[in-house]
Amino acid sequence: MLRRAGPSLRHFLLERKSGAGYSSYSSEAKMSRPVQARRLEGIDKNIWVEFVKLAATYSTVNLGQGFPDFPPPDFLKKAFVRALSGENHMLHQYTRAFGHPPLVKILAQFFGKLLGRDLDPMTNVMVTVGAYQALFCCFQAFVDEGDEVIIIEPFFDCYEPMVKMAGGMPMFVPLRPKAPKDGKLMSSADWQLDPAELASKFSERTKAIVLNSPNNPLGKVFSRGELELIADLCVKHDVLCISDEVYEWLVYDGKEHIRIASLQGMWDRTVTIGSAGKSFSATGWKVGWTVGPNRLLQHLRTVHQNSAYHCATVAQEAVAQGFQRELELYGKPESYFIQLPKELQQKRDWLVQSLDAVGMKPIIPEGTYFLVADISEFKSDVPDVPDSDEPYDSRFAKWMVKNKGLAAIPLSAFYCGAHKNNYNHFIRFCFAKEEATLKAANDILQKWKQEKTSP
Ligand code: PMP
């Protein structure tokens with residue numbers, strides 16, 4: 001290679017730019033231009049980074065972040081081991097970018113059955129790196145600069161920054177709690193949309209609404225009536241629906257999870273998102289998927305092929321086998337999708353009882369593995385600081401993990417900046433935990449209660 005004698009071209013250009021002579025050139029020349037893209041402004045904070053670190057440092061019992069501390073089912077682990085160490089060494093290589101063929105095939109069959117329509121595995125299904133990347137693909141694919149996206153509060157926190165990163169404007173509409181009937185515990189069903197308020201958010205600038213049912217953090221399972229209200233507005237205003245259904249199997253008390261894509265006029269405008277992490281208790285595998293019409297999914301494929309491109313082949317192969325089993329056992333007692341919610345409902349009831357006994361009023365979730373509890377009766381332990389920038393529940397959750405060793409997530413984390421103080425006396429617990437973990441949480445709560453009541 002030819003080398004120029006003296007300063008390099010880059011050096012030369014740097015000098016010209018700064019207007020200084022060669023003598024002032026330093027090999028440590030610092031960049032002075034802003035490096036951060038404008039789209040990242042204001043979205044750098046992430047609740048999980050902060051609270052995961054606090055839980056790792058202080059917690060003895062972690063009911064914070066949403067993942068099971070019990071193993072995935074044996075049949076799934078075995079399928080992974082088979083995929084990993086079997087004869088088909090091609091499972092260690094790239095597979096089809098938009099989804100490993102056996103997985104998209106079985107997902108098309110499975111969700112085709114649930115939605116009552118024929119699905120083409122190649123065009124109506126796309127596999128993603130968890131539901132997270134499915135959401136990212138949706139916002140990047142559909143949202144233009146200035147488009148409005150309706151988000152129902154409280155919401156899974158990444159929706160807001162993802163909409164903003166795509167140049168969109170999130171428009172928030174809250175679920176409003178109604179007082180339960182005399183003396184009864186509140187249920188997530190008591191948190192409802194105000195139909196007029198929801199309708200007022202739709203305009204010609206609205207591109208999409210994000211629906212999350214069952215909802216993280218409340219555990220609300222939207223009723224058919226509520227879904228029809230949303231669907232009618234989507235059809236009336238020609239709006240897309242991004243339907244995050246990662247907790248689709250986790251519904252309790254005989255409640256039914258209704259897929260909004262199955263309602264009249266909705267298939268054509270809905271992308272349904274699912275997660276093997278939630279369905280099979282394997283959040284670390286990061287296998288997710290989208291189901292929808294080709295006219296929508298073709299744009300998700302464009303984002304996917306230019307970003308993640310691919311999801312681990314062995315994990316996809318194992319999830320494909322998991323779904324094969326579940327299709328064969330569909331609706332039967334041996335099905336994991338029947339057994340998991342049954343076990344989780346017991347854990348939910350257990351935590352409800354334990355919280356209720358100490359006066360941390362639980363809101364009974366109809367679905368998911370989360371439970372939100374009212375901390376008002378514990379306010380004497382962590383006094384309010386008027387004018388604090390930090391919502392009360394966030395200070396409370398930090399105090400709780402540091403002083404009691406119990407980790408939970410403040411509900412305000414699931415509200416936009418302007419509304420963080422509207423519902424700031426609740427914390428969210430995850431109950432997808434071993435009995436021993438839930439018992440340890442109960443012990444902490446009982447001891448705390450005793451300390452509070454003893455003179
Ligand atoms: N949506 C919701 C509502 C979630 O709670 C989560 C995970 N906590 C995700 C999406 C992301 O799922 P995954 O782990 O499959 O990326």
# chains A, B, ... in the order shown; residues from 1 in each chain; ligands from 1
>>> residues_around(residues="stretch 342-353 of chain A", least_positions_apart="4", cutoff="10 Å", atoms="only C-alpha atoms", output="ChimeraX atom specification")
/A:185,250-253,336-338,357-373,429-435,438-439,441-442
>>> residues_around(residues="A:His257", least_positions_apart="2", cutoff="8 Å", atoms="only C-alpha atoms", output="ChimeraX atom specification")
/A:213-214,221-222,248-249,251,255,259
>>> write_last_selection(atoms="all heavy atoms", output="PDB file, in the first residue's frame")
ATOM      1  N   SER A 213     -53.403  -7.068  25.893  1.00  0.00           N
ATOM      2  CA  SER A 213     -54.336  -7.872  26.680  1.00  0.00           C
ATOM      3  C   SER A 213     -53.907  -9.330  26.612  1.00  0.00           C
ATOM      4  O   SER A 213     -53.671  -9.838  25.513  1.00  0.00           O
ATOM      5  CB  SER A 213     -55.762  -7.736  26.132  1.00  0.00           C
ATOM      6  OG  SER A 213     -56.663  -8.489  26.919  1.00  0.00           O
ATOM      7  N   PRO A 214     -53.749  -9.986  27.772  1.00  0.00           N
ATOM      8  CA  PRO A 214     -53.759  -9.487  29.134  1.00  0.00           C
ATOM      9  C   PRO A 214     -52.663  -8.436  29.337  1.00  0.00           C
ATOM     10  O   PRO A 214     -51.585  -8.563  28.786  1.00  0.00           O
ATOM     11  CB  PRO A 214     -53.494 -10.733  29.968  1.00  0.00           C
ATOM     12  CG  PRO A 214     -53.887 -11.887  29.101  1.00  0.00           C
ATOM     13  CD  PRO A 214     -53.597 -11.471  27.717  1.00  0.00           C
ATOM     14  N   VAL A 221     -57.671  -8.376  31.619  1.00  0.00           N
ATOM     15  CA  VAL A 221     -58.009  -9.100  30.384  1.00  0.00           C
ATOM     16  C   VAL A 221     -59.184  -8.350  29.763  1.00  0.00           C
ATOM     17  O   VAL A 221     -60.273  -8.312  30.358  1.00  0.00           O
ATOM     18  CB  VAL A 221     -58.388 -10.569  30.693  1.00  0.00           C
ATOM     19  CG1 VAL A 221     -58.801 -11.301  29.423  1.00  0.00           C
ATOM     20  CG2 VAL A 221     -57.212 -11.291  31.358  1.00  0.00           C
ATOM     21  N   PHE A 222     -58.959  -7.737  28.628  1.00  0.00           N
ATOM     22  CA  PHE A 222     -60.013  -6.917  28.021  1.00  0.00           C
ATOM     23  C   PHE A 222     -61.200  -7.795  27.617  1.00  0.00           C
ATOM     24  O   PHE A 222     -61.023  -8.868  27.037  1.00  0.00           O
ATOM     25  CB  PHE A 222     -59.460  -6.163  26.800  1.00  0.00           C
ATOM     26  CG  PHE A 222     -58.608  -4.964  27.166  1.00  0.00           C
ATOM     27  CD1 PHE A 222     -57.379  -5.129  27.805  1.00  0.00           C
ATOM     28  CD2 PHE A 222     -59.032  -3.673  26.890  1.00  0.00           C
ATOM     29  CE1 PHE A 222     -56.600  -4.035  28.175  1.00  0.00           C
ATOM     30  CE2 PHE A 222     -58.269  -2.570  27.245  1.00  0.00           C
ATOM     31  CZ  PHE A 222     -57.040  -2.753  27.885  1.00  0.00           C
ATOM     32  N   GLU A 248     -51.069 -14.415  26.465  1.00  0.00           N
ATOM     33  CA  GLU A 248     -52.341 -14.969  25.972  1.00  0.00           C
ATOM     34  C   GLU A 248     -52.813 -16.216  26.723  1.00  0.00           C
ATOM     35  O   GLU A 248     -54.008 -16.449  26.838  1.00  0.00           O
ATOM     36  CB  GLU A 248     -52.256 -15.266  24.478  1.00  0.00           C
ATOM     37  CG  GLU A 248     -51.157 -16.243  24.108  1.00  0.00           C
ATOM     38  CD  GLU A 248     -50.847 -16.232  22.620  1.00  0.00           C
ATOM     39  OE1 GLU A 248     -51.782 -16.198  21.822  1.00  0.00           O
ATOM     40  OE2 GLU A 248     -49.655 -16.260  22.251  1.00  0.00           O
ATOM     41  N   TRP A 249     -51.881 -17.041  27.240  1.00  0.00           N
ATOM     42  CA  TRP A 249     -52.310 -18.275  27.923  1.00  0.00           C
ATOM     43  C   TRP A 249     -52.554 -18.060  29.404  1.00  0.00           C
ATOM     44  O   TRP A 249     -53.119 -18.929  30.068  1.00  0.00           O
ATOM     45  CB  TRP A 249     -51.265 -19.394  27.721  1.00  0.00           C
ATOM     46  CG  TRP A 249     -51.029 -19.606  26.269  1.00  0.00           C
ATOM     47  CD1 TRP A 249     -49.904 -19.293  25.568  1.00  0.00           C
ATOM     48  CD2 TRP A 249     -51.973 -20.097  25.315  1.00  0.00           C
ATOM     49  NE1 TRP A 249     -50.086 -19.559  24.232  1.00  0.00           N
ATOM     50  CE2 TRP A 249     -51.348 -20.063  24.056  1.00  0.00           C
ATOM     51  CE3 TRP A 249     -53.292 -20.554  25.400  1.00  0.00           C
ATOM     52  CZ2 TRP A 249     -51.994 -20.465  22.894  1.00  0.00           C
ATOM     53  CZ3 TRP A 249     -53.937 -20.963  24.241  1.00  0.00           C
ATOM     54  CH2 TRP A 249     -53.280 -20.916  23.022  1.00  0.00           C
ATOM     55  N   VAL A 251     -54.549 -16.626  31.713  1.00  0.00           N
ATOM     56  CA  VAL A 251     -55.823 -16.023  32.133  1.00  0.00           C
ATOM     57  C   VAL A 251     -56.468 -16.940  33.167  1.00  0.00           C
ATOM     58  O   VAL A 251     -56.356 -18.167  33.084  1.00  0.00           O
ATOM     59  CB  VAL A 251     -56.788 -15.775  30.937  1.00  0.00           C
ATOM     60  CG1 VAL A 251     -56.328 -14.604  30.108  1.00  0.00           C
ATOM     61  CG2 VAL A 251     -56.947 -16.990  30.081  1.00  0.00           C
ATOM     62  N   LYS A 255     -61.748 -17.018  32.688  1.00  0.00           N
ATOM     63  CA  LYS A 255     -61.832 -15.897  31.734  1.00  0.00           C
ATOM     64  C   LYS A 255     -61.349 -16.349  30.362  1.00  0.00           C
ATOM     65  O   LYS A 255     -60.545 -17.272  30.242  1.00  0.00           O
ATOM     66  CB  LYS A 255     -60.940 -14.738  32.210  1.00  0.00           C
ATOM     67  CG  LYS A 255     -61.579 -13.838  33.219  1.00  0.00           C
ATOM     68  CD  LYS A 255     -61.923 -12.498  32.595  1.00  0.00           C
ATOM     69  CE  LYS A 255     -63.154 -11.898  33.187  1.00  0.00           C
ATOM     70  NZ  LYS A 255     -63.053 -11.524  34.595  1.00  0.00           N
ATOM     71  N   ARG A 259     -58.833 -12.681  20.951  1.00  0.00           N
ATOM     72  CA  ARG A 259     -57.861 -12.061  20.036  1.00  0.00           C
ATOM     73  C   ARG A 259     -58.574 -11.006  19.203  1.00  0.00           C
ATOM     74  O   ARG A 259     -59.503 -11.340  18.456  1.00  0.00           O
ATOM     75  CB  ARG A 259     -57.227 -13.140  19.151  1.00  0.00           C
ATOM     76  CG  ARG A 259     -56.387 -14.082  19.958  1.00  0.00           C
ATOM     77  CD  ARG A 259     -55.857 -15.280  19.229  1.00  0.00           C
ATOM     78  NE  ARG A 259     -54.926 -15.966  20.122  1.00  0.00           N
ATOM     79  CZ  ARG A 259     -55.280 -16.739  21.142  1.00  0.00           C
ATOM     80  NH1 ARG A 259     -56.558 -16.980  21.381  1.00  0.00           N
ATOM     81  NH2 ARG A 259     -54.382 -17.276  21.929  1.00  0.00           N
TER      82      ARG A 259
END
>>> residues_near_ligand(ligand="ligand 1", cutoff="10 Å", atoms="only C-alpha atoms and all ligand atoms", output="PyMOL selection string")
chain A and resi 65-67+128-135+155-159+211-217+219+243-247+273-279+281-289+368-370
>>> select_by_dssp(residues="stretch 96-261 of chain A", states="alpha helix (DSSP H)", output="ChimeraX atom specification")
/A:101-115,130-142,159-165,195-201,224-236
>>> residues_around(residues="A:Cys241", least_positions_apart="2", cutoff="10 Å", atoms="only C-alpha atoms", output="list in words")
Cys138, Val149, Ile150, Lys207, Ala208, Ile209, Val210, Leu211, Ile230, Ala231, Cys234, Val235, Asp238, Val239, Ser243, Asp244, Ile260, Ala261, Met266, Trp267, Asp268, Arg269, Thr270, Val271 and Thr272 of chain A
>>> write_last_selection(atoms="N, CA and C atoms", output="compact mmCIF listing (two decimals), in the first residue's frame")
# COMPACT_ATOMS: atom_id res chain seq x y z
N CYS A 138 -42.78 -3.31 14.33
CA CYS A 138 -44.08 -2.68 14.04
C CYS A 138 -43.94 -1.16 14.02
N VAL A 149 -49.76 7.63 17.88
CA VAL A 149 -50.00 6.23 18.26
C VAL A 149 -50.65 6.24 19.64
N ILE A 150 -51.81 5.63 19.75
CA ILE A 150 -52.54 5.62 21.03
C ILE A 150 -52.01 4.48 21.91
N LYS A 207 -52.20 6.77 13.60
CA LYS A 207 -51.79 5.68 12.70
C LYS A 207 -52.10 4.32 13.32
N ALA A 208 -51.92 4.25 14.64
CA ALA A 208 -52.09 2.92 15.27
C ALA A 208 -52.48 3.06 16.73
N ILE A 209 -53.05 1.97 17.25
CA ILE A 209 -53.27 1.86 18.70
C ILE A 209 -52.52 0.60 19.16
N VAL A 210 -51.93 0.70 20.35
CA VAL A 210 -51.28 -0.48 20.91
C VAL A 210 -52.22 -1.06 21.96
N LEU A 211 -52.53 -2.32 21.78
CA LEU A 211 -53.39 -3.01 22.75
C LEU A 211 -52.54 -4.08 23.43
N ILE A 230 -62.77 -0.75 20.89
CA ILE A 230 -61.49 -0.39 20.25
C ILE A 230 -61.55 -0.71 18.76
N ALA A 231 -62.07 -1.90 18.44
CA ALA A 231 -62.14 -2.33 17.03
C ALA A 231 -62.98 -1.36 16.21
N CYS A 234 -61.03 1.70 15.49
CA CYS A 234 -59.96 1.43 14.50
C CYS A 234 -60.55 1.42 13.09
N VAL A 235 -61.69 0.75 12.94
CA VAL A 235 -62.31 0.65 11.61
C VAL A 235 -62.78 2.04 11.17
N ASP A 238 -59.78 4.16 10.34
CA ASP A 238 -58.79 3.47 9.50
C ASP A 238 -57.42 3.41 10.19
N VAL A 239 -57.42 2.84 11.37
CA VAL A 239 -56.23 2.81 12.22
C VAL A 239 -55.75 1.37 12.39
N SER A 243 -51.25 -5.55 18.50
CA SER A 243 -51.84 -6.26 19.63
C SER A 243 -50.81 -7.15 20.31
N ASP A 244 -50.34 -6.69 21.46
CA ASP A 244 -49.32 -7.41 22.22
C ASP A 244 -50.03 -8.42 23.12
N ILE A 260 -58.09 -9.76 19.29
CA ILE A 260 -58.79 -8.67 18.60
C ILE A 260 -58.77 -8.89 17.08
N ALA A 261 -57.75 -9.62 16.59
CA ALA A 261 -57.68 -9.89 15.14
C ALA A 261 -58.86 -10.73 14.68
N MET A 266 -61.02 -6.54 11.72
CA MET A 266 -59.74 -6.31 12.39
C MET A 266 -58.56 -7.11 11.82
N TRP A 267 -58.81 -8.25 11.20
CA TRP A 267 -57.69 -9.05 10.69
C TRP A 267 -56.79 -8.21 9.79
N ASP A 268 -57.40 -7.48 8.90
CA ASP A 268 -56.68 -6.73 7.88
C ASP A 268 -55.82 -5.60 8.45
N ARG A 269 -56.11 -5.20 9.69
CA ARG A 269 -55.41 -4.04 10.24
C ARG A 269 -54.67 -4.36 11.56
N THR A 270 -54.53 -5.65 11.85
CA THR A 270 -53.92 -6.02 13.15
C THR A 270 -52.67 -6.87 12.98
N VAL A 271 -51.65 -6.53 13.75
CA VAL A 271 -50.51 -7.44 13.91
C VAL A 271 -50.58 -7.98 15.33
N THR A 272 -50.65 -9.30 15.45
CA THR A 272 -50.71 -9.94 16.77
C THR A 272 -49.31 -10.43 17.14
